[in-house]
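Since the structure comes first, as structure tokens, the remarks are kept for the end.
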Amino acid sequence: MKDILYKAYQVAQGDDGIFRGEIKELQTSNLPEEDLLIKVVYSSLNYKDALSARGNKGVTKHYPHTPGIDAAGIVVEDLSGQFKTGEEVIVTGWDLGMNTPGGFGEYIKVPSSWAAKHPSGLSMKESMLYGTAGLTAGLSVYALSQLVKPQSGEILVTGSTGGVGSFSVGLLSKSGYKVTGVTGKPEGKKLLERLGASYTISREEALSPSRSPLLREQWSGVVDTVGGDILGTAIRSTVQRGVITCCGNAASNDLPLTVLPFILRGITLTGIDSQKAPSELRNKIWNLLATDWKINYPKELWSEITLDQLDDKIELMLKGKGKGRFIIKHNH
Ligand SMILES: NC(=O)c1ccc[n+]([C@@H]2O[C@H](COP(=O)([O-])OP(=O)(O)OC[C@H]3O[C@@H](n4cnc5c(N)ncnc54)[C@H](OP(=O)(O)O)[C@@H]3O)[C@@H](O)[C@H]2O)c1
């Protein structure tokens with residue numbers, strides 16, 4: 001395969017110790033020696049990408065590095081024989097964008113086992129609108145729906161105007177659940193209503209001044225994306241046999257809690273890991289996102305950007321001010 005020059009948003013540490021992203025021209029011959037070369041058409045921005053872009057060693061150990069944990073594109077070459085040249089594929093998670101150059105580059109090279117046939121029923125732009133955020137929301141709603149039915153009561157979604165949170169609100173309301181969204185944004189109420197939320201509460205209202213291990217039973221289920229005190233309060237307010245999914249730490253890694261909600265109310269806390277979700281489960285969720293769960297995601301909640309606009313959006317996301325989704329379009 002001949003060497004191809006391509007553009008990528010590459011992050012490196014400056015002499016002042018600060019990590020910055022810059023658009024660089026790179027060569028496909030420097031990509032990892034893996035089976036599958038993909039021309040990336042769309043990617044998307046996730047919280048993990050923002051951390052990688054600012055030198056977070058828990059996400060990316062070695063720099064210079066190209067972030068981007070999501071990519072949808074076209075197969076250029078597959079040495080494994082699994083995919084045909086020209087076929088549309090999707091890669092989300094695994095090590096993409098963490099320590100393997102990711103979707104913020106116009107080309108990626110990955111093990112063919114990381115790729116899935118692009119879900120029919122979605123365009124590449126639509127699949128990247130969902131991206132890891134949509135997949136994680138799908139995994140969360142799927143896990144919750146196995147034990148909590150729409151008639152059981154209200155579901156709380158935290159970080160609800162973020163990527164994972166907003167899709168969770170949309171998917172839950174499409175599936176008939178009554179949803180309350182927690183948001184720190186004054187304009188959040190309107191957006192959440194458009195996604196189908198019945199109520200909106202502020203981050204402050206989602207916290208309780210009481211340290212009591214059990215609070216008034218309020219939520220049949222919780223989709224949490226933020227962790228910390230908000231998750232702790234939500235768990236203490238979950239009804240008997242309720243279910244909480246936990247996927248994120250936008251507020252904190254901590255979880256102030258006792259064991260009492262578990263042993264006195266029999267609640268279930270389910271961890272969600274989209275990065276290494278088994279292929280069969282992933283495919284099931286992608287299929288749902290492309291069919292029964294396909295939602296009309298409000299235009300105010302997403303925008304298409306190019307590589308040179310990434311820096312601003314990364315800053316917004318790290319300040320907790322990002323709304324919804326940013327899809328990155330490569331200009332091949
Ligand atoms: N486990 C997995 O597989 C997986 C996959 C994807 C993402 N994640 C994690 O899930 C979390 C959300 O990801 P995302 O892509 O949806 O990020 P995002 O788009 O930045 O959304 C996060 C949302 O959390 C809220 N928030 C931010 N800072 C907060 C704070 N200090 N206290 C309370 N709420 C705060 C904000 O929503 P409001 O203003 O509406 O409150 C923000 O929009 C991140 O921690 C991410 O790493 C995990």
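Each chain in the structure tokens gets a letter, A, B, ..., in the order shown, and its residues are numbered from 1; ligands are numbered from 1 in order too.
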
Self-check item: DSSP-assigned alpha helix (DSSP H) members of stretch 44-121 of chain A, reported as a list in words
Solution: Tyr47, Lys48, Asp49, Ala50, Leu51, Ser52 and Ala53 of chain A

Can you write just those residues out, N, CA and C atoms, as a PDB file, in the first residue's frame?
ATOM      1  N   TYR A  47     -15.822  13.149  26.092  1.00  0.00           N
ATOM      2  CA  TYR A  47     -15.102  13.673  27.271  1.00  0.00           C
ATOM      3  C   TYR A  47     -13.685  13.079  27.354  1.00  0.00           C
ATOM      4  N   LYS A  48     -13.581  11.794  27.025  1.00  0.00           N
ATOM      5  CA  LYS A  48     -12.269  11.133  27.095  1.00  0.00           C
ATOM      6  C   LYS A  48     -11.269  11.772  26.118  1.00  0.00           C
ATOM      7  N   ASP A  49     -11.786  12.216  24.968  1.00  0.00           N
ATOM      8  CA  ASP A  49     -10.911  12.884  23.985  1.00  0.00           C
ATOM      9  C   ASP A  49     -10.388  14.197  24.559  1.00  0.00           C
ATOM     10  N   ALA A  50     -11.289  14.896  25.286  1.00  0.00           N
ATOM     11  CA  ALA A  50     -10.891  16.180  25.875  1.00  0.00           C
ATOM     12  C   ALA A  50      -9.775  15.934  26.898  1.00  0.00           C
ATOM     13  N   LEU A  51      -9.907  14.869  27.676  1.00  0.00           N
ATOM     14  CA  LEU A  51      -8.867  14.557  28.666  1.00  0.00           C
ATOM     15  C   LEU A  51      -7.560  14.208  27.950  1.00  0.00           C
ATOM     16  N   SER A  52      -7.659  13.384  26.917  1.00  0.00           N
ATOM     17  CA  SER A  52      -6.454  12.992  26.159  1.00  0.00           C
ATOM     18  C   SER A  52      -5.785  14.224  25.541  1.00  0.00           C
ATOM     19  N   ALA A  53      -6.596  15.173  25.075  1.00  0.00           N
ATOM     20  CA  ALA A  53      -6.060  16.371  24.417  1.00  0.00           C
ATOM     21  C   ALA A  53      -5.362  17.314  25.387  1.00  0.00           C
TER      22      ALA A  53
END

Practice problem: Can you tell me which residues come within 6 Å of ligand 1 when counting only C-alpha atoms and all ligand atoms, ideally as a VMD selection string? | Solution: chain A and resid 46 to 48 132 to 133 136 159 to 165 182 to 185 225 to 226 247 to 251 272 to 275 317 320 to 324

Given the selection you just returned, output its residues as a file containing N, CA and C atoms, formatted as an mmCIF file, in the first residue's frame.
data_model
loop_
_atom_site.group_PDB
_atom_site.id
_atom_site.type_symbol
_atom_site.label_atom_id
_atom_site.label_comp_id
_atom_site.auth_asym_id
_atom_site.auth_seq_id
_atom_site.Cartn_x
_atom_site.Cartn_y
_atom_site.Cartn_z
ATOM 1 N N ASN A 46 -15.711 13.283 22.472
ATOM 2 C CA ASN A 46 -16.183 12.731 23.744
ATOM 3 C C ASN A 46 -15.310 13.275 24.871
ATOM 4 N N TYR A 47 -15.822 13.149 26.092
ATOM 5 C CA TYR A 47 -15.102 13.673 27.271
ATOM 6 C C TYR A 47 -13.685 13.079 27.354
ATOM 7 N N LYS A 48 -13.581 11.794 27.025
ATOM 8 C CA LYS A 48 -12.269 11.133 27.095
ATOM 9 C C LYS A 48 -11.269 11.772 26.118
ATOM 10 N N THR A 132 -19.592 7.150 20.788
ATOM 11 C CA THR A 132 -19.477 6.460 22.074
ATOM 12 C C THR A 132 -20.532 6.952 23.055
ATOM 13 N N ALA A 133 -20.897 8.242 22.967
ATOM 14 C CA ALA A 133 -21.918 8.775 23.882
ATOM 15 C C ALA A 133 -23.238 8.041 23.687
ATOM 16 N N THR A 136 -22.984 4.412 24.801
ATOM 17 C CA THR A 136 -22.986 4.311 26.270
ATOM 18 C C THR A 136 -24.383 4.547 26.825
ATOM 19 N N GLY A 159 -26.229 14.832 34.453
ATOM 20 C CA GLY A 159 -25.414 15.336 33.330
ATOM 21 C C GLY A 159 -26.241 15.314 32.065
ATOM 22 N N SER A 160 -27.524 15.708 32.203
ATOM 23 C CA SER A 160 -28.494 15.362 31.168
ATOM 24 C C SER A 160 -28.386 16.164 29.877
ATOM 25 N N THR A 161 -27.662 17.291 29.866
ATOM 26 C CA THR A 161 -27.482 17.949 28.558
ATOM 27 C C THR A 161 -26.163 17.541 27.911
ATOM 28 N N GLY A 162 -25.384 16.696 28.587
ATOM 29 C CA GLY A 162 -24.139 16.196 27.987
ATOM 30 C C GLY A 162 -24.440 15.138 26.937
ATOM 31 N N GLY A 163 -23.387 14.608 26.325
ATOM 32 C CA GLY A 163 -23.559 13.617 25.253
ATOM 33 C C GLY A 163 -24.312 12.389 25.747
ATOM 34 N N VAL A 164 -23.765 11.705 26.746
ATOM 35 C CA VAL A 164 -24.399 10.466 27.222
ATOM 36 C C VAL A 164 -25.758 10.776 27.847
ATOM 37 N N GLY A 165 -25.797 11.851 28.655
ATOM 38 C CA GLY A 165 -27.032 12.186 29.355
ATOM 39 C C GLY A 165 -28.166 12.509 28.385
ATOM 40 N N VAL A 182 -31.236 16.105 35.378
ATOM 41 C CA VAL A 182 -30.477 17.045 36.220
ATOM 42 C C VAL A 182 -29.575 17.841 35.295
ATOM 43 N N THR A 183 -29.621 19.163 35.417
ATOM 44 C CA THR A 183 -28.712 19.957 34.599
ATOM 45 C C THR A 183 -28.191 21.176 35.352
ATOM 46 N N GLY A 184 -26.964 21.571 34.995
ATOM 47 C CA GLY A 184 -26.374 22.775 35.579
ATOM 48 C C GLY A 184 -26.569 23.973 34.666
ATOM 49 N N LYS A 185 -27.273 23.781 33.551
ATOM 50 C CA LYS A 185 -27.400 24.877 32.566
ATOM 51 C C LYS A 185 -28.772 25.525 32.646
ATOM 52 N N THR A 225 -24.129 9.939 34.940
ATOM 53 C CA THR A 225 -22.942 10.173 34.107
ATOM 54 C C THR A 225 -21.912 11.031 34.845
ATOM 55 N N VAL A 226 -22.211 11.391 36.115
ATOM 56 C CA VAL A 226 -21.337 12.378 36.770
ATOM 57 C C VAL A 226 -20.612 11.895 38.029
ATOM 58 N N CYS A 247 -21.779 5.384 34.661
ATOM 59 C CA CYS A 247 -20.811 5.289 33.564
ATOM 60 C C CYS A 247 -19.756 6.382 33.612
ATOM 61 N N GLY A 248 -19.974 7.450 34.414
ATOM 62 C CA GLY A 248 -19.055 8.591 34.249
ATOM 63 C C GLY A 248 -18.654 9.266 35.540
ATOM 64 N N ASN A 249 -17.744 10.202 35.397
ATOM 65 C CA ASN A 249 -17.197 10.899 36.566
ATOM 66 C C ASN A 249 -17.002 12.386 36.271
ATOM 67 N N ALA A 250 -17.942 12.968 35.476
ATOM 68 C CA ALA A 250 -17.804 14.382 35.089
ATOM 69 C C ALA A 250 -17.719 15.282 36.322
ATOM 70 N N ALA A 251 -18.344 14.877 37.454
ATOM 71 C CA ALA A 251 -18.259 15.672 38.684
ATOM 72 C C ALA A 251 -17.135 15.171 39.578
ATOM 73 N N ILE A 272 -21.200 0.601 33.679
ATOM 74 C CA ILE A 272 -21.306 0.577 32.211
ATOM 75 C C ILE A 272 -19.934 0.870 31.619
ATOM 76 N N ASP A 273 -19.462 -0.038 30.771
ATOM 77 C CA ASP A 273 -18.163 0.151 30.123
ATOM 78 C C ASP A 273 -18.324 -0.058 28.624
ATOM 79 N N SER A 274 -18.389 1.048 27.899
ATOM 80 C CA SER A 274 -18.594 0.913 26.449
ATOM 81 C C SER A 274 -17.305 0.519 25.735
ATOM 82 N N GLN A 275 -16.174 0.860 26.359
ATOM 83 C CA GLN A 275 -14.889 0.674 25.670
ATOM 84 C C GLN A 275 -14.643 -0.777 25.277
ATOM 85 N N MET A 317 -15.987 21.617 26.894
ATOM 86 C CA MET A 317 -16.309 20.317 27.497
ATOM 87 C C MET A 317 -15.637 20.174 28.855
ATOM 88 N N GLY A 320 -17.321 21.793 31.642
ATOM 89 C CA GLY A 320 -18.692 21.319 31.931
ATOM 90 C C GLY A 320 -19.735 22.167 31.249
ATOM 91 N N LYS A 321 -19.305 22.944 30.200
ATOM 92 C CA LYS A 321 -20.249 23.856 29.540
ATOM 93 C C LYS A 321 -20.666 23.364 28.160
ATOM 94 N N GLY A 322 -20.105 22.200 27.765
ATOM 95 C CA GLY A 322 -20.456 21.680 26.440
ATOM 96 C C GLY A 322 -21.908 21.229 26.450
ATOM 97 N N LYS A 323 -22.583 21.397 25.274
ATOM 98 C CA LYS A 323 -23.961 20.939 25.182
ATOM 99 C C LYS A 323 -24.019 19.891 24.093
ATOM 100 N N GLY A 324 -24.523 18.712 24.420
ATOM 101 C CA GLY A 324 -24.753 17.714 23.385
ATOM 102 C C GLY A 324 -23.490 17.271 22.683
#

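Taking atom CA of A:Phe104 and atom CA of A:Gly81 as endpoints, the distance between them is 25.6 Å.
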
Self-check item: Who sits within 7 Å of A:Ala72, only C-alpha atoms, same chain under 3 positions skipped, as a ChimeraX atom specification
Solution: /A:40-43,89-91,124,128

Quiz item: Looking at only C-alpha atoms, which of A:Leu255, A:Trp286, A:Ala115, A:Gln240 is the one that sits closest to A:Gly131?
Solution: A:Trp286

Quiz prompt | Atomic distance atom CA of A:Arg194 - atom CA of A:Leu172, expressed in Å with one decimal | solution = 13.0 Å

Sort by chain and increasing residue number a table of all residues of stretch 262-321 of chain A within 12 Å of stretch 207-217 of chain A, each with its closest pair of atoms and their distance in Å to one decimal, counting only C-alpha atoms, and write it as JSON lines.
{"residue": "A:Phe262", "atom": "CA", "partner": "A:Leu214", "partner_atom": "CA", "distance": 10.2}
{"residue": "A:Ile263", "atom": "CA", "partner": "A:Leu214", "partner_atom": "CA", "distance": 11.1}
{"residue": "A:Leu264", "atom": "CA", "partner": "A:Leu214", "partner_atom": "CA", "distance": 9.1}
{"residue": "A:Arg265", "atom": "CA", "partner": "A:Leu214", "partner_atom": "CA", "distance": 9.2}
{"residue": "A:Ile267", "atom": "CA", "partner": "A:Glu217", "partner_atom": "CA", "distance": 11.4}

Convert the current residue selection to file output with N, CA and C atoms, as a compact mmCIF listing (two decimals), in the first residue's frame.
# COMPACT_ATOMS: atom_id res chain seq x y z
N PHE A 262 -28.21 -0.73 49.56
CA PHE A 262 -28.13 -2.04 48.90
C PHE A 262 -28.77 -3.14 49.77
N ILE A 263 -28.47 -3.09 51.09
CA ILE A 263 -28.94 -4.21 51.92
C ILE A 263 -30.35 -3.99 52.48
N LEU A 264 -30.81 -2.73 52.49
CA LEU A 264 -32.18 -2.51 52.99
C LEU A 264 -33.20 -2.29 51.87
N ARG A 265 -32.71 -1.82 50.69
CA ARG A 265 -33.67 -1.58 49.59
C ARG A 265 -33.43 -2.52 48.39
N ILE A 267 -31.32 -2.51 46.04
CA ILE A 267 -31.12 -1.84 44.75
C ILE A 267 -29.91 -2.44 44.03

Quiz item: Can you list every residue in stretch 100-309 of chain A that DSSP puts in strand (DSSP E or B), as an MDAnalysis selection string?
Solution: chainID A and resid 100 105 107:110 116:117 154:157 178:183 199:202 219:224 238:246 268:271 302:305

Exercise. Might you pull out every residue within 10 Å of stretch 167-169 of chain A, with only C-alpha atoms counted and same-chain residues fewer than 4 positions away left off, and present them as a PyMOL selection string?
Key: chain A and resi 130+133-141+155-163+173-175+177-181+192-198+223-225+295+297+324-325

Quiz item: Near A:Ala206, counting only C-alpha atoms, which residues have an atom at most 8 Å away, once you skip same-chain residues fewer than 2 positions from it, shown as a PyMOL selection string?
Solution: chain A and resi 182+201-204+208+230+233-234

Residues from last step as file, N, CA and C atoms, as a JSON list (two decimals), in the first residue's frame:
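Ended up saving to out29.json:
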[["chain", "number", "residue", "atom", "x", "y", "z"],
["A", 182, "VAL", "N", -31.24, 16.10, 35.38],
["A", 182, "VAL", "CA", -30.48, 17.05, 36.22],
["A", 182, "VAL", "C", -29.58, 17.84, 35.30],
["A", 201, "ILE", "N", -34.41, 19.30, 37.01],
["A", 201, "ILE", "CA", -33.99, 19.87, 38.30],
["A", 201, "ILE", "C", -32.55, 20.35, 38.17],
["A", 202, "SER", "N", -32.17, 21.29, 39.03],
["A", 202, "SER", "CA", -30.81, 21.82, 38.98],
["A", 202, "SER", "C", -29.86, 20.86, 39.71],
["A", 203, "ARG", "N", -28.56, 21.06, 39.50],
["A", 203, "ARG", "CA", -27.58, 20.22, 40.21],
["A", 203, "ARG", "C", -27.76, 20.37, 41.72],
["A", 204, "GLU", "N", -28.07, 21.60, 42.17],
["A", 204, "GLU", "CA", -28.25, 21.84, 43.61],
["A", 204, "GLU", "C", -29.44, 21.03, 44.14],
["A", 208, "SER", "N", -28.58, 16.51, 48.49],
["A", 208, "SER", "CA", -29.33, 16.66, 49.74],
["A", 208, "SER", "C", -28.37, 17.11, 50.84],
["A", 230, "ILE", "N", -23.78, 13.81, 43.64],
["A", 230, "ILE", "CA", -25.07, 13.69, 42.92],
["A", 230, "ILE", "C", -25.45, 12.21, 42.79],
["A", 233, "THR", "N", -26.43, 10.89, 46.29],
["A", 233, "THR", "CA", -27.78, 11.30, 46.67],
["A", 233, "THR", "C", -28.82, 10.49, 45.88],
["A", 234, "ALA", "N", -28.55, 10.29, 44.59],
["A", 234, "ALA", "CA", -29.51, 9.55, 43.75],
["A", 234, "ALA", "C", -29.66, 8.12, 44.26]]

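Closest to A:Val148 among A:Ile328, A:Leu307, A:Val11, A:Val222 is A:Val222, based on only C-alpha atoms.
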
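Take the candidates A:Lys109, A:His330, A:Lys125, A:Lys2 and check each one against A:Glu33 using only C-alpha atoms; the shortest distance goes to A:Lys109.
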
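Comparing the minimum interatomic distances between A:Leu318 and each of A:Met98, A:Leu45, A:Leu129, A:Leu260, counting only C-alpha atoms, we find that A:Leu45 sits nearest.
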
Quiz item: Counting only C-alpha atoms, what is within 10 Å of A:Asn283, bar same-chain residues fewer than 4 positions away, as a PyMOL selection string?
Solution: chain A and resi 116-119+135+277-279+287-289

Self-check item: Point-to-point distance in Å for atom CA of A:Thr200 and atom CA of A:Glu315
Solution: 25.5 Å

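Residue nearest A:Pro101 within the list A:Ser237, A:Thr66, A:Ser145, A:Asn331: A:Thr66 [criterion: smallest interatomic distance, only C-alpha atoms].
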
Quiz item: So, counting only C-alpha atoms, which residue among A:Asp308, A:Glu154, A:Glu187, A:Asp254 is closest to A:Val239?
Solution: A:Glu154
